[in-house]
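Here the structure is laid out as structure tokens; the discussion comes afterwards.
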Amino acid sequence: MSAAPTDSVRLDLPITGMTCAACATRIEKVLNRLPGVAASVNLASEHALIEITAAETTAQQVVAAIEKAGFGVPPRTLEMAIEGMTCAACSTRIEKLLNRLPGVEAVVNLATERATIRYLPGVVAPAVLIATVARAGFSGRLADDRARADEKARKLASQQVELQRFWISAALTLPLAAQMLTMFDVGAHHPQDMLPRWLQLLLATPVQFWIGWRFYDGAWKALRGGSANMDVLVALGTTMAYTFSLVVTITGAANLHVYFEASAAVITLVLLGKLLEARAKAKTTEAIEALIRLQPRTARVERDGQLIELDAALLIPGDIFIVRPGESVPVDGEVLDGSSNVNEAMLTGESMPVSKRQGARVFAATANGEGMLRCRATGVGEHTLLAGIIRMVAEAQGSKAPVQRLADRISGIFVPVVCVIALCTFVAWWALGGVFSMALVNAVAVLVIACPCALGLATPTAIMVASGQGATAGILIKNAEALERAEKIRVLVVDKTGTLTRGEPVLTDVLPLLASTEEALTLAAGLEQASEHPLARAILQHAQAAGVVLPVLEDFRAIPGRGVQGRVAGRWLFLGAPEGFVGLPDEMIETLQHAGKTVVVLTECADAVEAGTGRALALLAIADPLRATSQAAVARLKAMGIRVVMLTGDHAATAAAIAGAVGIDDFRAGVLPANKAAMVNALKTGDAVVAMVGDGINDAPALAAADVSFAIGAGSDAAIETADVTLVRSDLNGIADAILLSRATLRKIRQNLFCAFIYNVLGIPLAAVGMLNPVIAGGAMALSSVSVVSNSLLLKRWRAWRQVGPGD
């Protein structure tokens, strides 16, 4: 067997969609038709081993051929912690390099110092991604829970070292800066000679080359990677001032000024700014750190009749665990025995404890009250609600909002443009004024006042604080784009059941016609025992409470939009909507419907063919109580200028009663689940942004059709993954809170961007015309990014309606 060419490319691709050997054979044939491709597909492992020897065939073409054949190559997502980024130019450069790799989509966040990367396994390996970051002059490592802890420890240690260096730098710079006060002495010819120049050189040199080495190192790595960042500006500006002063000192030119104080003060002030910025950025991640700290470490588990204490990470679904009074629930589970009140404020933002009894769900990290609970584990490790919340908050903090695109484009060209402006400033001042030192000082001021950092931090810091604040209020935002779009919502489509109502229907009336009440309830419950519909559960729960013994059910069939039919105790029955039946007491039905109840009719037929006709045995009325907060929530939304539209499959009279009770003027009745998406699309008139709120599972098509989708009442990973925004608490007020949070966040982002732009737009020209001393310019540059982060931190004052109260 001949050796493969040295320039061949080998791929190991996972493939989805294969069901039999014919699928594997088909993929092999499709791939082997490509020039220079030898492919072997393994059905058992669902992988394809591919070797490419022709230069004209790329990995992307191989993936495209697989997808064209009707199969898929699923991408994977990883998070990478990146060290060494100092400004927006750094993050922009890394993002460009990663996105040039085949099949890679990367978003780099300067504020979190992380990259979220989607890649095709087999086409690109994580090692290649890390190597790409390294080639750009930075250090990258895969991020996980342990890496997060290591990273935090590393940052703390690094900040301690930087703080020590700052104090040393400040001590060396202070004597140099003190003599700047003599600049205000009009009679002094040489204010810089307050200290001997050799002493100034001795003080400034360690600041320039030891304390300031980080700027030289960062500048070299950036230039080697083909980009320029803030380090380039600081290193270039301070080196110019230091070198000129060094030459003047060595040559003994007493008639020329030296600027050792400028170079040292700029480095010291920029270092101070970086320390303050790091401290402020750490506060933006406090919310997710608090969530991580909530995760319990141990659990009391029943094993072989004994109660033992285990690491919570070792639990598996099905394990029986005990939660004693005052303890935290270790994993998600279902209560088997016991009763207690559990505080779920850490997940939902709701301060009132929730009663837990047999059959109730409990969630990891919630605090048990006075009772003891015996539970069965249902979600462990990464599959708990808390883990899902942490994952979603992290994803939101790592995502980019569309409003950031302009800042990213400017950051990419910012440093080269500033260097050109500084060069023009130097040439113009030297040519027009003839004073080399003045030209140099003004050019240095241009270099050190320019700050791409503020541009890069303006958006992500606000997103980080907002997503953390939302999580503490039970509002989980999937990404920054959804947070930005939520501000523009003008129409909100709400599903009635489970949104406006509790989603817990109860049977309120059994009205006998040709059967007794007991017989009608027995037959109806017998027919509904195979149904998963909420109305069916209401009938079954009522029958169970009445002690009804369910008869045998055969030939059950659900009729979408109509009802159910089947044979109960040998009798063909139909239970469903009363529309189309004749001889029913219409006045009684209308009375019930106007009371907001759903009415169904139980009929008996001669056989299955006649199901839906036959003799009416009884009417059953089911009510789903309104949530206590629905009316106030609708009023809040309307006061915010949002049009609320209710969709329901109920009769028009029932829909009108519910809508009237909560204050909704616009509703659509008789809407089948399949038609909800079309209704949402129909509401998108003009530029109106339409949002939809549902349960995150049954309303998936309508949620997908909406510009912004909300899942209300998250109790599963499925609900969390479905919508743009997930409300952990089943309360429509959460939507109003989410919109207000979005508006507050976008307001902060616009303030930040305005400050960042106006700072550079005003600062650079002022420095160029000689109105700013380099030291003042350096101080202003250091404080610019700190001011942006601090402004974002003001979002921590935002509180949800439930947290501040409706009267606030």
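Scheme for the structure tokens: letters A, B, ... for chains in order shown; per-chain residue numbers from 1; ligand numbers from 1 in order shown.
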DSSP on the backbone: which residues in stretch 115-330 of chain A end up as alpha helix (DSSP H)? Give the answer as an NGL selection string. :A and (126-135 or 145-178 or 197-206 or 213-224 or 230-251 or 260-284 or 286-294)
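Using only C-alpha atoms, the residues found no farther than 8 Å from A:Glu113, other than those of its own chain fewer than 2 positions away, are Ala81, Ile82, Glu83, Met85, Val108, Asn109, Leu110, Ala111 and Ala115 of chain A.
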Please provide the set of residues having any atom within 12 Å of A:Asp687, restricted to only C-alpha atoms, with same-chain residues fewer than 6 positions apart removed, written as a ChimeraX atom specification. /A:488-491,707
Excluding A:Ile539 and residues on its chain fewer than 4 positions from it, collect all residues at most 9 Å away from it, counting only C-alpha atoms, and give them as a list in words. Pro505, Val506, Leu507, Leu521, Ala524, Ala525, Glu528, Pro534, Leu535, Ala543, Gln544, Leu620 and Ile622 of chain A
